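A.B. asks: Input start_25.tsv, format and content: TSV, C-alpha atoms.
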```tsv
chain	number	residue	atom	x	y	z
A	1	MET	CA	106.42	90.23	154.84
A	2	LYS	CA	105.25	92.95	152.45
A	3	TYR	CA	106.67	91.03	149.45
A	4	TYR	CA	104.93	87.84	150.66
A	5	LEU	CA	101.54	89.60	150.93
A	6	LYS	CA	101.99	91.17	147.49
A	7	ARG	CA	102.91	87.77	146.02
A	8	GLU	CA	99.87	86.10	147.63
A	9	GLN	CA	97.59	88.87	146.32
A	10	ARG	CA	98.98	88.39	142.81
A	11	ILE	CA	98.34	84.64	143.04
A	12	ASP	CA	94.76	85.28	144.19
A	13	ASN	CA	94.19	87.76	141.34
A	14	ILE	CA	95.42	85.25	138.75
A	15	LEU	CA	93.25	82.51	140.24
A	16	LEU	CA	90.22	84.81	140.29
A	17	SER	CA	90.80	85.60	136.58
A	18	LEU	CA	90.75	81.86	135.87
A	19	LYS	CA	87.66	81.41	138.06
A	20	ARG	CA	85.85	84.05	136.04
A	21	LEU	CA	87.03	83.08	132.55
A	22	THR	CA	87.82	79.31	132.96
A	23	PHE	CA	90.69	79.05	130.41
A	24	LEU	CA	93.29	81.75	129.75
A	25	ASN	CA	96.46	81.78	127.69
A	26	ARG	CA	99.65	83.39	128.96
A	27	SER	CA	99.25	86.68	127.09
A	28	GLN	CA	95.70	87.06	128.42
A	29	LEU	CA	96.92	86.44	131.98
A	30	GLN	CA	99.71	89.00	131.43
A	31	ILE	CA	97.21	91.67	130.35
A	32	LEU	CA	94.59	90.92	133.01
A	33	ASN	CA	97.10	90.71	135.87
A	34	GLY	CA	99.94	93.04	134.86
A	35	LEU	CA	102.53	90.26	134.75
A	36	GLY	CA	104.97	92.22	132.58
A	37	GLY	CA	107.11	90.46	129.97
A	38	ASP	CA	106.95	86.84	128.81
A	39	ARG	CA	109.82	85.61	131.00
A	40	ASN	CA	108.34	87.08	134.17
A	41	ALA	CA	104.88	85.72	133.33
A	42	GLN	CA	106.28	82.23	132.70
A	43	LYS	CA	108.19	82.36	135.99
A	44	VAL	CA	105.11	83.46	137.96
A	45	LEU	CA	102.85	80.85	136.36
A	46	LYS	CA	105.42	78.09	136.81
A	47	SER	CA	105.65	78.94	140.52
A	48	MET	CA	101.86	78.45	140.74
A	49	SER	CA	101.82	74.82	139.55
A	50	GLU	CA	100.01	73.79	142.74
A	51	TYR	CA	97.08	75.99	141.70
A	52	VAL	CA	97.06	75.92	137.88
A	53	ASN	CA	97.25	73.21	135.25
A	54	SER	CA	98.21	73.86	131.65
A	55	PHE	CA	98.19	72.23	128.23
A	56	ARG	CA	99.23	73.19	124.70
A	57	SER	CA	96.65	74.05	122.06
A	58	ASP	CA	97.08	75.89	118.75
A	59	GLY	CA	100.69	76.74	119.62
A	60	GLN	CA	99.90	78.37	122.95
A	61	THR	CA	99.83	77.30	126.58
A	62	ILE	CA	96.36	77.36	128.12
A	63	TYR	CA	95.91	77.56	131.89
A	64	TYR	CA	93.06	76.46	134.16
A	65	LEU	CA	92.52	75.85	137.88
A	66	THR	CA	93.61	72.70	139.72
A	67	LYS	CA	91.53	71.35	142.59
A	68	GLU	CA	93.72	73.36	145.01
A	69	GLY	CA	93.27	76.50	142.88
A	70	ARG	CA	89.48	76.04	142.86
A	71	THR	CA	89.47	75.55	146.63
A	72	ARG	CA	91.58	78.68	147.24
A	73	VAL	CA	89.15	80.95	145.32
A	74	ASP	CA	85.95	78.96	146.03
A	75	CYS	CA	85.34	78.03	142.39
A	76	LYS	CA	82.60	75.43	141.85
A	77	LYS	CA	83.15	75.01	138.10
A	78	LYS	CA	85.63	72.25	137.29
A	79	ALA	CA	87.67	72.69	134.11
A	80	LYS	CA	89.84	70.10	132.44
A	81	LYS	CA	91.95	69.87	129.31
A	82	SER	CA	89.46	70.36	126.52
A	83	THR	CA	89.17	70.70	122.77
A	84	THR	CA	86.68	73.53	123.37
A	85	ALA	CA	89.30	75.68	125.13
A	86	GLN	CA	89.86	77.75	121.95
A	87	HIS	CA	86.22	78.85	122.18
A	88	TYR	CA	86.99	80.30	125.63
A	89	ILE	CA	90.24	81.88	124.41
A	90	MET	CA	88.38	83.64	121.58
A	91	ARG	CA	85.73	84.89	124.01
A	92	ASN	CA	88.43	86.12	126.42
A	93	ASP	CA	90.19	88.01	123.60
A	94	LEU	CA	86.91	89.86	123.01
A	95	TYR	CA	86.51	90.49	126.76
A	96	ILE	CA	89.96	92.11	126.76
A	97	ALA	CA	89.25	94.06	123.53
A	98	CYS	CA	86.07	95.43	125.16
A	99	LYS	CA	88.20	96.69	128.11
A	100	PHE	CA	86.94	94.15	130.71
A	101	PRO	CA	83.30	95.29	131.14
A	102	LYS	CA	82.24	95.06	134.79
A	103	THR	CA	78.82	93.72	133.77
A	104	TRP	CA	80.28	90.90	131.61
A	105	LYS	CA	78.71	87.48	132.28
A	106	ASN	CA	79.49	84.21	130.51
A	107	GLU	CA	76.87	81.71	129.33
A	108	VAL	CA	73.72	83.77	129.90
A	109	ASP	CA	70.25	82.30	129.39
A	110	ILE	CA	67.84	84.81	127.87
A	111	LYS	CA	64.16	83.89	128.11
A	112	VAL	CA	61.26	85.90	126.77
A	113	LYS	CA	57.93	84.31	127.63
A	114	GLY	CA	56.01	83.24	124.55
A	115	LEU	CA	58.79	84.30	122.17
A	116	GLY	CA	61.68	81.96	122.88
A	117	ASP	CA	64.86	81.46	124.79
A	118	ILE	CA	68.53	81.33	123.91
A	119	ARG	CA	71.89	80.99	125.63
A	120	CYS	CA	74.45	83.54	124.51
A	121	ASP	CA	78.17	82.89	124.99
A	122	ALA	CA	78.46	86.09	127.02
A	123	MET	CA	76.65	89.35	127.62
A	124	PHE	CA	77.33	92.77	129.07
A	125	THR	CA	75.52	96.08	129.22
A	126	VAL	CA	76.56	99.66	128.63
A	127	GLY	CA	74.00	101.76	130.44
A	128	GLU	CA	70.89	99.75	129.65
A	129	LYS	CA	71.99	98.68	126.18
A	130	PRO	CA	72.69	94.92	126.02
A	131	TYR	CA	75.63	93.47	124.10
A	132	PHE	CA	75.22	89.81	123.14
A	133	ILE	CA	78.41	87.88	122.42
A	134	GLU	CA	78.53	84.88	120.13
A	135	ILE	CA	81.70	82.89	119.47
A	136	ASP	CA	81.84	80.92	116.23
A	137	HIS	CA	84.90	78.71	116.56
A	138	THR	CA	83.79	75.48	114.88
A	139	GLN	CA	80.04	76.02	114.77
A	140	LYS	CA	77.99	75.05	111.73
A	141	MET	CA	76.36	78.03	110.01
A	142	LYS	CA	72.94	76.32	110.36
A	143	ILE	CA	73.24	76.69	114.16
A	144	ASN	CA	74.16	80.37	113.78
A	145	GLU	CA	71.12	80.86	111.52
A	146	LYS	CA	68.83	79.31	114.15
A	147	LYS	CA	70.36	81.50	116.86
A	148	MET	CA	69.79	84.68	114.88
A	149	GLU	CA	66.19	83.62	114.11
A	150	THR	CA	65.58	83.28	117.86
A	151	TYR	CA	67.30	86.60	118.61
A	152	ARG	CA	65.11	88.35	116.02
A	153	LYS	CA	62.00	86.97	117.76
A	154	ILE	CA	63.00	88.14	121.24
A	155	ILE	CA	64.89	91.44	120.77
A	156	ASN	CA	61.78	93.60	120.61
A	157	ALA	CA	61.09	92.68	124.23
A	158	PHE	CA	64.20	94.66	125.24
A	159	PRO	CA	63.85	98.39	125.98
A	160	PHE	CA	67.03	99.03	123.95
A	161	GLN	CA	68.00	97.26	120.76
A	162	PRO	CA	70.96	94.99	121.50
A	163	VAL	CA	74.36	95.02	119.82
A	164	PHE	CA	75.60	91.66	118.54
A	165	LEU	CA	79.33	90.99	118.83
A	166	TRP	CA	80.56	87.94	116.96
A	167	VAL	CA	84.01	86.41	116.84
A	168	THR	CA	84.66	83.95	114.03
A	169	THR	CA	87.64	82.39	112.29
A	170	THR	CA	87.60	83.40	108.60
A	171	GLU	CA	86.60	86.23	106.29
A	172	TYR	CA	84.18	83.85	104.55
A	173	LYS	CA	82.38	83.14	107.84
A	174	ARG	CA	82.39	86.85	108.71
A	175	ASN	CA	80.55	87.60	105.45
A	176	GLN	CA	77.98	84.89	106.17
A	177	LEU	CA	77.41	86.30	109.66
A	178	LYS	CA	77.05	89.83	108.26
A	179	LYS	CA	74.14	88.56	106.15
A	180	LEU	CA	72.55	86.90	109.19
A	181	CYS	CA	72.81	90.16	111.17
A	182	GLU	CA	71.48	92.43	108.40
A	183	GLY	CA	69.37	95.26	109.82
A	184	LEU	CA	70.74	94.73	113.33
A	185	GLU	CA	73.54	96.57	115.09
A	186	SER	CA	76.46	94.17	114.97
A	187	ARG	CA	80.23	93.91	114.88
A	188	ILE	CA	81.89	90.80	113.56
A	189	TYR	CA	85.54	90.13	114.30
A	190	ILE	CA	87.95	87.54	113.04
A	191	ALA	CA	89.77	85.96	116.00
A	192	SER	CA	93.21	86.92	114.65
A	193	GLU	CA	92.20	90.62	114.76
A	194	LEU	CA	91.76	90.42	118.53
A	195	LYS	CA	94.99	88.58	119.38
A	196	ASN	CA	96.97	90.22	122.16
```
Let me see whether you can do it: turn the structure in this file into structure tokens.
C.D. replies:
Amino acid sequence: MKYYLKREQRIDNILLSLKRLTFLNRSQLQILNGLGGDRNAQKVLKSMSEYVNSFRSDGQTIYYLTKEGRTRVDCKKKAKKSTTAQHYIMRNDLYIACKFPKTWKNEVDIKVKGLGDIRCDAMFTVGEKPYFIEIDHTQKMKINEKKMETYRKIINAFPFQPVFLWVTTTEYKRNQLKKLCEGLESRIYIASELKN
């Protein structure tokens, strides 16, 4: 009985991780849910096939909730196999690198009346200091330029100057983003630096 309850709690925890972060690879699920080594994690995830779907992308297995999984944890957001999954994986690597902030929220709309509005890929706060997360997986630099223009218009409305955390794919893109963030507090990571 005790083993059964523990197993069910572990299943719920894994499903809740997927509810919160949409797509997770095996190593991310291992870290977030203490699944131990690769073999154990594979065994656990395989036993959950009723609740999780998976597909291969960039040499890794990506997991997301099935209809039954969504029902079990009351998840309204439907995920399906997607070419944008790597965007989520990069964002989740940053979430893990930041030590799972309790205030972390994905896809946050920021509106400042008369100055503009923007949707950041994620956001969290430390005290009252906001951290804005931007993931540049396949984005054109023109879009990043427009985003930073909007951020520069609205950041003075915040009581504390925000920190910008970017994740990108190459050193070349990191250097371009550094220029866009000049004069602002920012950290720019290459995705491979955050791999678990």
A.B. asks: At what distance in Å, to one decimal, does CA of Met123 (chain A) lie from CA of Val163 (chain A)?
C.D. replies: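 If I compute the distance from CA of Val163 (chain A) to CA of Met123 (chain A), I get 9.9 Å.
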A.B. asks: Between CA of Arg152 (chain A) and CA of Glu171 (chain A), what is the spacing in Å?
C.D. replies: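 It comes out at 23.7 Å.
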A.B. asks: To one decimal place, how far is CA of Asp109 (chain A) from CA of Lys146 (chain A) in Å?
C.D. replies: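 Those two atoms sit 15.6 Å apart.
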A.B. asks: When you look at Gln30 (chain A) with a cut-off of 10 Å (counting all atoms listed in the file), what residues show up, excluding the ones that are within fewer than 5 positions of it in the same chain? I need them as a VMD selection string.
C.D. replies: chain A and resid 14 24 to 25 35 to 38 40 to 42 196
A.B. asks: Please tabulate, as a tab-separated table, the residues of region 49-142 of chain A that come within 10 Å of region 185-192 of chain A, each with its closest pair of atoms and the distance in Å to one decimal, counting all atoms listed in the file and ordering rows by chain, then residue number upward.
C.D. replies:
```
residue	atom	partner	partner_atom	distance
A:Ile89	CA	A:Ala191	CA	9.4
A:Met90	CA	A:Ala191	CA	6.2
A:Arg91	CA	A:Ala191	CA	9.0
A:Asp93	CA	A:Ala191	CA	7.9
A:Leu94	CA	A:Ala191	CA	8.5
A:Tyr131	CA	A:Ser186	CA	9.2
A:Phe132	CA	A:Ser186	CA	9.3
A:Ile133	CA	A:Arg187	CA	9.8
A:Glu134	CA	A:Ile188	CA	9.5
A:Ile135	CA	A:Ala191	CA	9.3
A:Asp136	CA	A:Ala191	CA	9.4
A:His137	CA	A:Ala191	CA	8.8
```
A.B. asks: Please produce a file of the residues just selected, as a PDB file, in the coordinates of the input, where the atoms kept are C-alpha atoms.
C.D. replies:
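File part_30.pdb, as written:
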```pdb
ATOM      1  CA  ILE A  89      90.240  81.880 124.410  1.00  0.00           C
ATOM      2  CA  MET A  90      88.380  83.640 121.580  1.00  0.00           C
ATOM      3  CA  ARG A  91      85.730  84.890 124.010  1.00  0.00           C
ATOM      4  CA  ASP A  93      90.190  88.010 123.600  1.00  0.00           C
ATOM      5  CA  LEU A  94      86.910  89.860 123.010  1.00  0.00           C
ATOM      6  CA  TYR A 131      75.630  93.470 124.100  1.00  0.00           C
ATOM      7  CA  PHE A 132      75.220  89.810 123.140  1.00  0.00           C
ATOM      8  CA  ILE A 133      78.410  87.880 122.420  1.00  0.00           C
ATOM      9  CA  GLU A 134      78.530  84.880 120.130  1.00  0.00           C
ATOM     10  CA  ILE A 135      81.700  82.890 119.470  1.00  0.00           C
ATOM     11  CA  ASP A 136      81.840  80.920 116.230  1.00  0.00           C
ATOM     12  CA  HIS A 137      84.900  78.710 116.560  1.00  0.00           C
TER      13      HIS A 137
END
```
A.B. asks: What's the 6 Å shell around Ile154 (chain A), counting all atoms listed in the file, without same-chain residues fewer than 3 positions away, as JSON, numbers by chain?
C.D. replies: {"A": [115, 151, 157]}
A.B. asks: Go through A:Lys81, A:Arg72, A:His87, A:Arg174 and flag the residue nearest Asn13 (chain A), using all atoms listed in the file for the distances.
C.D. replies: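 Looking only at the distances to Asn13 (chain A), the closest residue turns out to be A:Arg72.
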A.B. asks: Taking only C-alpha atoms into account, which of A:Ile62, A:Lys80, A:Leu21, A:Tyr88 comes nearest Phe100 (chain A)?
C.D. replies: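 Going through A:Ile62, A:Lys80, A:Leu21, A:Tyr88 one by one, the smallest distance to Phe100 (chain A) is for A:Leu21.
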